[in-house]
Amino acid sequence: MDKIVCTCGNVNPAGTELCESCGRPLDQKTKEKTLVDMRYEGAARRSQTYNKTLVDKVWNFFSSVKVGMWIIVAILVAAAIGTILPQVFYVPATTEAGIADYYERIYGTFGVLYYKLGLSDLYSSWWFQGLVGMLGISLIIASLDRVIPLYKSLKKQKTQRHISFLKRQRMYGIGKVESPDDTLNKAEEKLKTMRYNVKREGNAILAEKGRFSRWGPYVNHLGLILFLFGVMLRAIPGFYVDETMWLREGETLYVPKTEGYFLESKEFIYETYTKEESEEVFGNAIDRVGSIAKNYQTDVALYKGADDAVAGNANDLSFVKEESIQVNEPLKFANFSVFQMDFKLDELKTMTFQLQDKETKTSFGDFTIDLADPQPIYELQDGYKVEVLDYYADFSGFEDGVPQSKTPLPNNPAFLIKMTTPDFPKGETSFVMIQETMEPFGENKHKIAFQSVETRDVSGLTIRKDLTLPILGLGGLIFMIGVAQGSYWNHRRIWIQLLNDGQVVVAAHTNKNWLSIRKDIDAVSEVATLPVYEDQQDLDSKVEKEEGV
Amino acid sequence: MDLVSVSSTLLLISFIAYLVATFLFGGAVKSSSSESTKSFDRWGKLAITVTIIGFISNLGYFFTRWIAAGHAPVSNLFEFTTAFGMMVVGAFILIFFIYRIPALGLFALPIAVLIIAYASMFPKDITPLIPALKSYWLTVHVITAALGEAILAISAVAGLIWLLKNIDMAKKSAQRFWIEVVMFVLVLVLGFVVATTSFTIADYKAEYNYVSKDEKVLKIEYNMPPLFGMNQSEAITENAMEPLVETPALVNAKKLTVVVWSIIFGSVLYVLLRLIARKRLAEVLQPFAKKANSQFMDEIGYRSVLIGFPVFTLGALIFAMIWAHEAWSRFWGWDPKEVWALITWLFYAVFLHLRLTKGWQGEKSAWLALIGFIIIMFNLIAVNLIIAGLHSYA
Ligand code: HEM
């Protein structure tokens with residue numbers, strides 16, 4: 001397409017609506033309007049100029065604010081739908097079947113539908129992420145489409161503007177004044193004291209303020225784009241780690257995904273508020289809801305394995321540091337953070353039993369089973385011994401006569417035990433559970449009597465590494481700067497010109513807060529006689545003025 | 001007197017001051033036919049002075065309670081909602097000093113009063129902080145988020161005034177219908193306050209056993225006569241009323257009962273008001289709105305979104321993410337409360353774009369501002385009460 005040459009001589013790019021230099025309307029459509037659209041200074045935007053190739057079409061699609069807003073509304077509605085029922089990651093089930101069952105059991109038919117439609121894992125669905133991706137593309141294209149031409153024309157604008165431009169401004173007034181030169185001089189002075197950036201070219205004044213606020217939207221969009229980019233980076237291996245581990249008191253375990261770090265739990269501490277410590281302040285609340293948790297804490301020691309050791313090799317650990325992990329106070333090392341997320345109190349650690357004569361209760365010795373590591377044989381005195389044939393950590397009953405363990409955690413230990421005694425060298429078999437014993441192969445003479453348990457607490461820890469955080473942080477910061485820039489400042493311009501026929505023109509434009517720019521013009525009018533102006537869009541006041549309200 | 005009761009007294013004083021100031025602003029609006037008259041000046045000045053006194057007293061409540069509890073009083077539903085009400089007044093004062101429009105006070109203050117009254121219906125004990133809340137980010141995040149929401153709320157007030165002024169009440173229209181719905185909802189909130197207060201005065205209490213959704217037998221105390229019973233509920237209290245309807249385990253019938261009682265009380269109240277006024281409530285308020293300049297209201301509506309949006313972003317998203325990362329190990333977890341903050345944010349982003357680039361001013365802008373406020377209140381109240389998540393205080 002051809003460039004447009006304005007009467008003033010300036011050569012404008014194709015598609016320009018208002019001459020970049022003098023402001024004359026360049027096409028018929030703009031000429032017919034009583035007010036000009038100043039949003040992009042009438043500059044030529046790619047999306048408004050070309051629409052031939054596929055690239056043009058895609059560009060125009062994404063640069064449209066209407067499209068952009070529909071994308072946002074779609075994300076908004078989808079996000080809301082995702083809160084109707086809990087998402088899968090908040091559901092207390094791990095297997096597909098378990099999750100499906102949960103939705104059906106708790107939420108009935110609606111739950112089944114919700115689950116089947118994939119709404120239960122909406123935020124990681126391809127279409128939701130696709131929408132967010134489209135938002136990103138839209139942000140980039142829409143911003144580029146506007147910011148470049150806007151920048152060019154704001155840079156090129158001349159102090160002297162053509163009357164056809166001025167009279168199409170929302171704030172406009174024209175008329176004769178007593179001493180026009182005086183008016184111009186005084187107005188110039190006054191505008192300077194109002195911290196306007198004032199330019200004067202002969203009989204024309206351009207006072208401008210806060211132009212940088214025009215970049216606000218583009219700066220904030222840049223921040224958003226950066227943020228979305230940071231979120232995408234997480235998919236790249238090495239940027240993001242999200243693991244969990246259960247750590248028992250006294251245990252030392254490899255911290256998953258780290259370079260040879262180990263964590264030992266010294267102690268888990270659980271505290272609740274007591275009424276004694278703050279009776280008068282918290283007493284009522286504690287009475288009302290029962291106990292209130294005060295602290296979850298794991299005291300840990302961090303170790304590092306030898307540099308050349310294979311991950312998980314627990315030899316040659318060197319001590320790094322000791323710390324208390326609390327909620328809100330994660331342990332931090334080498335880009336990793338370890339969070340206190342969960343706990344289990346009093347998990348069984350060991351169980352102590354006694355081999356007894358059933359009738360006489362005579363003891364033939366005690367033995368202690370470490371539930372994390374049960375031994376096959378416990379030798380007692382004088383040839384008495386106990387063999388652990390099978391161990392069910394979380395016994396849940398029999399299926400076809402076979403004992404079952406629900407989980408590998410020692411929640412409900414049960415043992416199939418052979419007792420070898422001088423009287424019964426071949427052994428007697430007994431199935432030992434908490435509180436109960438079964439004798440599957442007939443009546444026994446001896447029995448295993450429960451003596452005592454030792455328990456320990458388990459800490460649920462989350463291990464996190466997120467190298468995208470600095471990028472996200474930067475994106476957030478840039479967004480905030482941009483949004484403040486665009487919201488708390490505005491771009492105001494006031495033109496005052498003395499025309500050849502002796503009339504004075506005043507016109508003004510602001511990108512927002514029209515009442516404030518009126519105050520500014522009024523302040524200038526007080527010292528320099530300006531022609532009466534009016535807001536060519538404020539119909540309400542006009543009506544009110546006419547009605548004399 | 002100990003600090004806690006000093007604090008409560010200060011809150012009561014501010015509550016009364018806001019009520020009084022509402023009437024003073026009413027006086028200012030009535031006499032504002034020519035905005036420069038002396039009587040307008042006098043009423044207006046008096047009104048804003050009383051408002052500021054109330055606000056100072058309200059701040060007094062906030063800080064004495066802070067000292068007494070040892071943490072910022074934003075940690076349960078009562079505290080948070082009260083703080084929000086206080087900040088609505090603060091935001092109003094801010095905007096008032098930019099534009100000096102008394103009509104804004106006439107509508108903003110009753111809304112703040114309603115919010116504080118609503119807040120007072122929840123348990124007012126000072127609760128110690130559970131581990132997840134023990135962080136200075138609680139203070140920073142909640143206060144900034146609430147402040148942002150309060151400033152955004154002012155835009156809804158301006159929108160409401162715009163609509164009350166400009167909707168033709170003589171003609172049947174969708175607008176006339178919906179503005180009356182807004183009035184009705186406001187009366188429902190009042191209904192909740194009246195219902196709760198009445199049953200508290202009557203000292204209604206009844207205990208029931210019920211079977212929860214994970215099949216445990218639990219106990220629950222009703223403070224309103226049970227219209228709806230919990231799953232398989234059985235009365236513990238002697239002579240307790242049988243629930244009219246039994247609900248499945250999924251439903252929290254106690255909360256449902258409260259909602260339905262509020263609707264009953266609110267509706268009765270609404271009908272009474274209509275009978276007394278003999279016109280639509282929107283029509284009753286219209287003369288007060290008529291004095292406002294639409295252009296001004298439109299600009300205030302936009303300006304308060306412009307001022308509030310960055311504050312809201314900072315508090316409800318950025319600080320929230322930083323804290324969530326410290327407390328729950330991830331900065332974003334699609335928890336319902338988080339999602340609704342995001343929805344609020346996206347909504348206001350759309351508002352700004354439509355306004356700036358599609359020229360949605362005046363009426364459209366006013367309706368959007370009202371919808372924005374509804375979303376904020378939904379997040380504040382409904383998400384806490386209905387959708388259970390990590391954030392639910394109650
Ligand atoms: C969540 C996403 C977005 C946020 C938070 C956001 C934020 C903003 C803000 C705060 C403004 C300034 C508004 C004002 O000052 O009244 C703005 C302006 C703008 N935004 Fe966005 N935006 C988002 C997405 C988009 C998208 C998807 C598009 C693309 C279609 C877009 C296009 C624009 C345009 C064209 C402007 C006006 C720029 C100007 O007139 O100079 N925005 N945006």
# chains A, B, ... in the order shown; residues from 1 in each chain; ligands from 1
call {"tool": "residues_around", "arguments": {"residues": "Glu201 (chain A)", "least_positions_apart": "6", "cutoff": "10 Å", "atoms": "only C-alpha atoms", "output": "NGL selection string"}}
result
:A and (158-160 or 497)
call {"tool": "residues_near_ligand", "arguments": {"ligand": "ligand 1", "cutoff": "6 Å", "atoms": "only C-alpha atoms and all ligand atoms", "output": "CSV table (one decimal) with all heavy atoms, in the first residue's frame"}}
result
chain,number,residue,atom,x,y,z
A,39,ARG,N,-7.0,7.1,20.8
A,39,ARG,CA,-6.4,6.1,21.6
A,39,ARG,C,-5.0,5.7,21.1
A,39,ARG,O,-4.1,5.6,21.9
A,39,ARG,CB,-7.3,4.8,21.6
A,39,ARG,CG,-7.2,4.2,23.0
A,39,ARG,CD,-8.2,3.1,23.1
A,39,ARG,NE,-9.5,3.4,22.6
A,39,ARG,CZ,-10.2,2.7,21.7
A,39,ARG,NH1,-9.6,1.6,21.2
A,39,ARG,NH2,-11.4,3.1,21.3
A,63,SER,N,-4.9,-9.6,17.7
A,63,SER,CA,-4.7,-8.3,18.1
A,63,SER,C,-6.0,-7.6,18.5
A,63,SER,O,-6.0,-6.5,19.1
A,63,SER,CB,-3.9,-7.5,17.1
A,63,SER,OG,-4.8,-7.1,16.1
A,64,SER,N,-7.1,-8.3,18.3
A,64,SER,CA,-8.4,-7.7,18.6
A,64,SER,C,-8.6,-7.8,20.1
A,64,SER,O,-8.5,-8.9,20.7
A,64,SER,CB,-9.5,-8.5,17.8
A,64,SER,OG,-10.7,-8.5,18.5
A,65,VAL,N,-9.0,-6.7,20.7
A,65,VAL,CA,-9.3,-6.7,22.1
A,65,VAL,C,-10.6,-7.5,22.4
A,65,VAL,O,-10.7,-8.2,23.4
A,65,VAL,CB,-9.5,-5.3,22.6
A,65,VAL,CG1,-10.0,-5.3,24.0
A,65,VAL,CG2,-8.2,-4.5,22.5
A,68,GLY,N,-9.5,-11.0,22.6
A,68,GLY,CA,-8.7,-11.1,23.9
A,68,GLY,C,-9.7,-11.2,25.1
A,68,GLY,O,-9.5,-12.1,25.9
A,135,LEU,N,-4.1,-16.7,25.5
A,135,LEU,CA,-4.1,-15.4,26.2
A,135,LEU,C,-2.7,-14.8,26.0
A,135,LEU,O,-2.5,-13.6,25.7
A,135,LEU,CB,-4.4,-15.6,27.6
A,135,LEU,CG,-4.2,-14.4,28.5
A,135,LEU,CD1,-5.4,-13.4,28.2
A,135,LEU,CD2,-4.3,-14.7,30.0
A,138,SER,N,-2.2,-13.6,22.4
A,138,SER,CA,-3.0,-12.3,22.3
A,138,SER,C,-2.3,-11.1,22.9
A,138,SER,O,-2.2,-10.1,22.3
A,138,SER,CB,-4.4,-12.6,22.9
A,138,SER,OG,-5.1,-11.4,22.8
A,139,LEU,N,-1.8,-11.4,24.1
A,139,LEU,CA,-1.1,-10.3,24.8
A,139,LEU,C,0.1,-9.8,23.9
A,139,LEU,O,0.3,-8.5,23.8
A,139,LEU,CB,-0.5,-10.8,26.1
A,139,LEU,CG,-1.5,-10.7,27.3
A,139,LEU,CD1,-0.9,-11.6,28.5
A,139,LEU,CD2,-1.7,-9.3,27.8
A,142,ALA,N,-1.3,-8.2,20.4
A,142,ALA,CA,-2.1,-7.0,20.6
A,142,ALA,C,-1.2,-5.8,21.1
A,142,ALA,O,-1.4,-4.7,20.6
A,142,ALA,CB,-3.2,-7.2,21.6
A,214,ARG,N,1.4,6.3,29.2
A,214,ARG,CA,0.8,5.6,28.0
A,214,ARG,C,1.5,4.3,27.8
A,214,ARG,O,0.9,3.4,27.1
A,214,ARG,CB,1.0,6.5,26.7
A,214,ARG,CG,0.1,7.7,26.7
A,214,ARG,CD,-1.3,7.3,26.5
A,214,ARG,NE,-1.8,7.0,25.2
A,214,ARG,CZ,-2.1,7.9,24.3
A,214,ARG,NH1,-2.1,9.2,24.5
A,214,ARG,NH2,-2.5,7.5,23.1
A,217,PRO,N,0.2,0.1,30.0
A,217,PRO,CA,-0.4,-1.2,29.6
A,217,PRO,C,0.6,-2.1,28.9
A,217,PRO,O,0.6,-3.3,29.2
A,217,PRO,CB,-1.5,-0.8,28.5
A,217,PRO,CG,-1.8,0.6,28.9
A,217,PRO,CD,-0.6,1.2,29.5
A,221,HIS,N,1.6,-5.7,30.3
A,221,HIS,CA,1.5,-6.9,29.5
A,221,HIS,C,2.8,-7.6,29.3
A,221,HIS,O,2.8,-8.9,29.4
A,221,HIS,CB,1.0,-6.5,28.1
A,221,HIS,CG,-0.5,-6.0,28.1
A,221,HIS,ND1,-1.0,-5.4,27.0
A,221,HIS,CD2,-1.4,-6.1,29.0
A,221,HIS,CE1,-2.3,-5.1,27.3
A,221,HIS,NE2,-2.6,-5.6,28.5
A,483,VAL,N,1.3,-1.5,35.7
A,483,VAL,CA,-0.1,-1.2,36.1
A,483,VAL,C,-0.2,0.0,36.9
A,483,VAL,O,-1.1,0.8,36.8
A,483,VAL,CB,-0.8,-2.5,36.7
A,483,VAL,CG1,-0.5,-2.6,38.2
A,483,VAL,CG2,-2.2,-2.5,36.5
A,486,GLY,N,0.3,3.0,34.5
A,486,GLY,CA,-0.9,3.3,33.7
A,486,GLY,C,-2.1,3.8,34.5
A,486,GLY,O,-3.0,4.4,34.0
A,487,SER,N,-2.1,3.4,35.8
A,487,SER,CA,-3.3,3.7,36.6
A,487,SER,C,-3.2,5.0,37.4
A,487,SER,O,-4.1,5.7,37.6
A,487,SER,CB,-3.6,2.6,37.5
A,487,SER,OG,-3.6,1.4,36.9
B,346,LEU,N,-9.4,-11.2,36.9
B,346,LEU,CA,-9.6,-11.3,35.4
B,346,LEU,C,-10.9,-10.4,35.1
B,346,LEU,O,-10.9,-9.7,34.1
B,346,LEU,CB,-9.9,-12.7,35.0
B,346,LEU,CG,-8.7,-13.7,35.0
B,346,LEU,CD1,-9.1,-15.1,34.7
B,346,LEU,CD2,-7.6,-13.2,34.0
B,349,ALA,N,-9.9,-6.9,35.0
B,349,ALA,CA,-9.1,-6.7,33.8
B,349,ALA,C,-10.0,-6.5,32.6
B,349,ALA,O,-9.9,-5.5,31.8
B,349,ALA,CB,-8.1,-7.8,33.6
B,352,LEU,N,-11.6,-3.1,32.7
B,352,LEU,CA,-10.8,-2.0,32.3
B,352,LEU,C,-10.6,-2.0,30.8
B,352,LEU,O,-10.6,-0.9,30.1
B,352,LEU,CB,-9.4,-2.1,32.9
B,352,LEU,CG,-9.3,-1.8,34.4
B,352,LEU,CD1,-8.0,-2.1,35.0
B,352,LEU,CD2,-9.6,-0.3,34.6
B,353,HIS,N,-10.5,-3.1,30.2
B,353,HIS,CA,-10.3,-3.2,28.7
B,353,HIS,C,-11.5,-2.7,28.0
B,353,HIS,O,-11.5,-2.0,27.0
B,353,HIS,CB,-10.0,-4.6,28.3
B,353,HIS,CG,-8.6,-5.0,28.6
B,353,HIS,ND1,-8.2,-5.6,29.8
B,353,HIS,CD2,-7.4,-4.8,27.9
B,353,HIS,CE1,-6.9,-5.8,29.8
B,353,HIS,NE2,-6.4,-5.4,28.7
B,356,LEU,N,-11.7,1.0,28.3
B,356,LEU,CA,-10.7,1.8,27.6
B,356,LEU,C,-10.8,1.6,26.1
B,356,LEU,O,-10.6,2.6,25.4
B,356,LEU,CB,-9.3,1.3,28.1
B,356,LEU,CG,-8.2,2.3,27.7
B,356,LEU,CD1,-8.3,3.6,28.5
B,356,LEU,CD2,-6.8,1.7,28.0
call {"tool": "interface_residues", "arguments": {"of": "chain B", "to": "chain A", "cutoff": "6 Å", "atoms": "only C-alpha atoms", "output": "list in words"}}
result
Asp125, Ile126, Thr127, Ile130, Pro131, Ala132, Leu306, Glu326, Ala327, Pro336 and Ile343 of chain B
call {"tool": "write_last_selection", "arguments": {"atoms": "N, CA and C atoms", "output": "mmCIF file, in the first residue's frame"}}
result
data_model
loop_
_atom_site.group_PDB
_atom_site.id
_atom_site.type_symbol
_atom_site.label_atom_id
_atom_site.label_comp_id
_atom_site.auth_asym_id
_atom_site.auth_seq_id
_atom_site.Cartn_x
_atom_site.Cartn_y
_atom_site.Cartn_z
ATOM 1 N N ASP B 125 -14.791 -14.317 69.308
ATOM 2 C CA ASP B 125 -13.639 -14.610 70.162
ATOM 3 C C ASP B 125 -12.356 -14.386 69.391
ATOM 4 N N ILE B 126 -11.339 -14.016 70.145
ATOM 5 C CA ILE B 126 -10.017 -13.920 69.536
ATOM 6 C C ILE B 126 -9.459 -15.334 69.450
ATOM 7 N N THR B 127 -9.168 -15.765 68.233
ATOM 8 C CA THR B 127 -8.634 -17.126 68.088
ATOM 9 C C THR B 127 -7.125 -17.068 67.934
ATOM 10 N N ILE B 130 -3.478 -20.743 63.933
ATOM 11 C CA ILE B 130 -3.007 -22.091 63.613
ATOM 12 C C ILE B 130 -1.678 -21.959 62.865
ATOM 13 N N PRO B 131 -0.897 -23.032 62.822
ATOM 14 C CA PRO B 131 0.455 -22.907 62.262
ATOM 15 C C PRO B 131 0.497 -22.274 60.876
ATOM 16 N N ALA B 132 -0.436 -22.627 60.002
ATOM 17 C CA ALA B 132 -0.370 -22.107 58.635
ATOM 18 C C ALA B 132 -0.500 -20.579 58.601
ATOM 19 N N LEU B 306 -9.340 1.857 38.837
ATOM 20 C CA LEU B 306 -7.930 2.100 38.507
ATOM 21 C C LEU B 306 -7.052 2.116 39.756
ATOM 22 N N GLU B 326 5.627 -19.991 50.790
ATOM 23 C CA GLU B 326 6.276 -20.239 52.082
ATOM 24 C C GLU B 326 5.502 -21.235 52.934
ATOM 25 N N ALA B 327 4.184 -21.147 52.881
ATOM 26 C CA ALA B 327 3.383 -21.935 53.818
ATOM 27 C C ALA B 327 3.015 -23.296 53.250
ATOM 28 N N PRO B 336 -9.935 -23.160 45.887
ATOM 29 C CA PRO B 336 -11.070 -22.325 45.470
ATOM 30 C C PRO B 336 -10.905 -20.841 45.777
ATOM 31 N N ILE B 343 -10.344 -15.033 39.474
ATOM 32 C CA ILE B 343 -11.542 -14.671 38.712
ATOM 33 C C ILE B 343 -11.866 -13.188 38.900
#
call {"tool": "residues_around", "arguments": {"residues": "Leu281 (chain B)", "least_positions_apart": "3", "cutoff": "7 Å", "atoms": "only C-alpha atoms", "output": "ChimeraX atom specification"}}
result
/B:180,183,274,284-285
call {"tool": "write_last_selection", "arguments": {"atoms": "N, CA, C and O atoms", "output": "PDB file, in the first residue's frame"}}
result
ATOM      1  N   GLU B 180     -33.825  -3.552  41.272  1.00  0.00           N
ATOM      2  CA  GLU B 180     -34.641  -3.904  42.433  1.00  0.00           C
ATOM      3  C   GLU B 180     -34.129  -5.209  43.055  1.00  0.00           C
ATOM      4  O   GLU B 180     -34.169  -5.389  44.271  1.00  0.00           O
ATOM      5  N   MET B 183     -31.444  -4.308  45.333  1.00  0.00           N
ATOM      6  CA  MET B 183     -32.028  -3.796  46.587  1.00  0.00           C
ATOM      7  C   MET B 183     -32.477  -4.959  47.473  1.00  0.00           C
ATOM      8  O   MET B 183     -32.224  -4.988  48.672  1.00  0.00           O
ATOM      9  N   ARG B 274     -41.790  -2.407  51.367  1.00  0.00           N
ATOM     10  CA  ARG B 274     -42.567  -2.053  50.180  1.00  0.00           C
ATOM     11  C   ARG B 274     -43.946  -1.533  50.560  1.00  0.00           C
ATOM     12  O   ARG B 274     -44.467  -0.582  49.972  1.00  0.00           O
ATOM     13  N   VAL B 284     -37.535   4.620  45.946  1.00  0.00           N
ATOM     14  CA  VAL B 284     -37.410   5.392  47.185  1.00  0.00           C
ATOM     15  C   VAL B 284     -36.060   6.101  47.213  1.00  0.00           C
ATOM     16  O   VAL B 284     -35.939   7.240  47.633  1.00  0.00           O
ATOM     17  N   LEU B 285     -35.031   5.385  46.742  1.00  0.00           N
ATOM     18  CA  LEU B 285     -33.685   5.957  46.813  1.00  0.00           C
ATOM     19  C   LEU B 285     -33.375   6.912  45.667  1.00  0.00           C
ATOM     20  O   LEU B 285     -32.464   7.715  45.750  1.00  0.00           O
TER      21      LEU B 285
END
call {"tool": "residues_around", "arguments": {"residues": "Tyr208 (chain B)", "least_positions_apart": "2", "cutoff": "12 Å", "atoms": "only C-alpha atoms", "output": "VMD selection string"}}
result
chain B and resid 205 to 206 210 to 211 217 to 223 225 to 226 228 to 243 253 to 254
call {"tool": "residues_around", "arguments": {"residues": "region 394-404 of chain A", "least_positions_apart": "3", "cutoff": "12 Å", "atoms": "only C-alpha atoms", "output": "count of residues only"}}
result
21
call {"tool": "residues_around", "arguments": {"residues": "region 134-143 of chain B", "least_positions_apart": "3", "cutoff": "7 Å", "atoms": "only C-alpha atoms", "output": "PyMOL selection string"}}
result
(chain A and resi 328) or (chain B and resi 72+74+129-131+146-147+315-316+319-320+323)
call {"tool": "write_last_selection", "arguments": {"atoms": "C-alpha atoms", "output": "compact mmCIF listing (two decimals), in the first residue's frame"}}
result
# COMPACT_ATOMS: atom_id res chain seq x y z
CA ASN A 328 5.94 -21.21 57.17
CA ALA B 72 -3.39 -8.61 63.15
CA VAL B 74 -7.75 -10.59 60.18
CA LEU B 129 -3.26 -18.62 65.04
CA ILE B 130 -3.01 -22.09 63.61
CA PRO B 131 0.45 -22.91 62.26
CA ALA B 146 -8.94 -6.31 51.63
CA LEU B 147 -7.89 -2.75 50.91
CA GLY B 315 -2.37 -8.14 47.83
CA ALA B 316 -4.62 -10.86 46.52
CA PHE B 319 1.60 -11.37 48.16
CA ALA B 320 -0.73 -14.35 48.22
CA TRP B 323 3.01 -16.54 51.13
call {"tool": "residues_around", "arguments": {"residues": "Asp203 (chain B)", "least_positions_apart": "5", "cutoff": "10 Å", "atoms": "only C-alpha atoms", "output": "number ranges by chain"}}
result
B: 197-198, 223-224
call {"tool": "select_by_dssp", "arguments": {"residues": "region 11-141 of chain B", "states": "helix (DSSP H, G or I)", "output": "NGL selection string"}}
result
:B and (11-30 or 38-69 or 77-99 or 102-119 or 131-133 or 136-141)
call {"tool": "closest_residue", "arguments": {"among": "A:Gly475, A:Gln435, A:His162, A:Ile137", "to": "Leu26 (chain A)", "atoms": "only C-alpha atoms"}}
result
A:His162
call {"tool": "select_by_dssp", "arguments": {"residues": "region 214-356 of chain A", "states": "strand (DSSP E or B)", "output": "PyMOL selection string"}}
result
chain A and resi 240-249+252-254+261-272+293-304+318-326+329+331-333+336-356
call {"tool": "atom_distance", "arguments": {"atom1": "CA of Lys199 (chain A)", "atom2": "CA of Tyr218 (chain A)"}}
result
26.6 Å
call {"tool": "closest_residue", "arguments": {"among": "A:Arg195, A:Lys176, A:His446, A:Lys116", "to": "Glu359 (chain A)", "atoms": "only C-alpha atoms"}}
result
A:His446
call {"tool": "closest_residue", "arguments": {"among": "B:Glu207, B:Asp214, B:Phe15, B:Leu152", "to": "Ile375 (chain B)", "atoms": "only C-alpha atoms"}}
result
B:Leu152
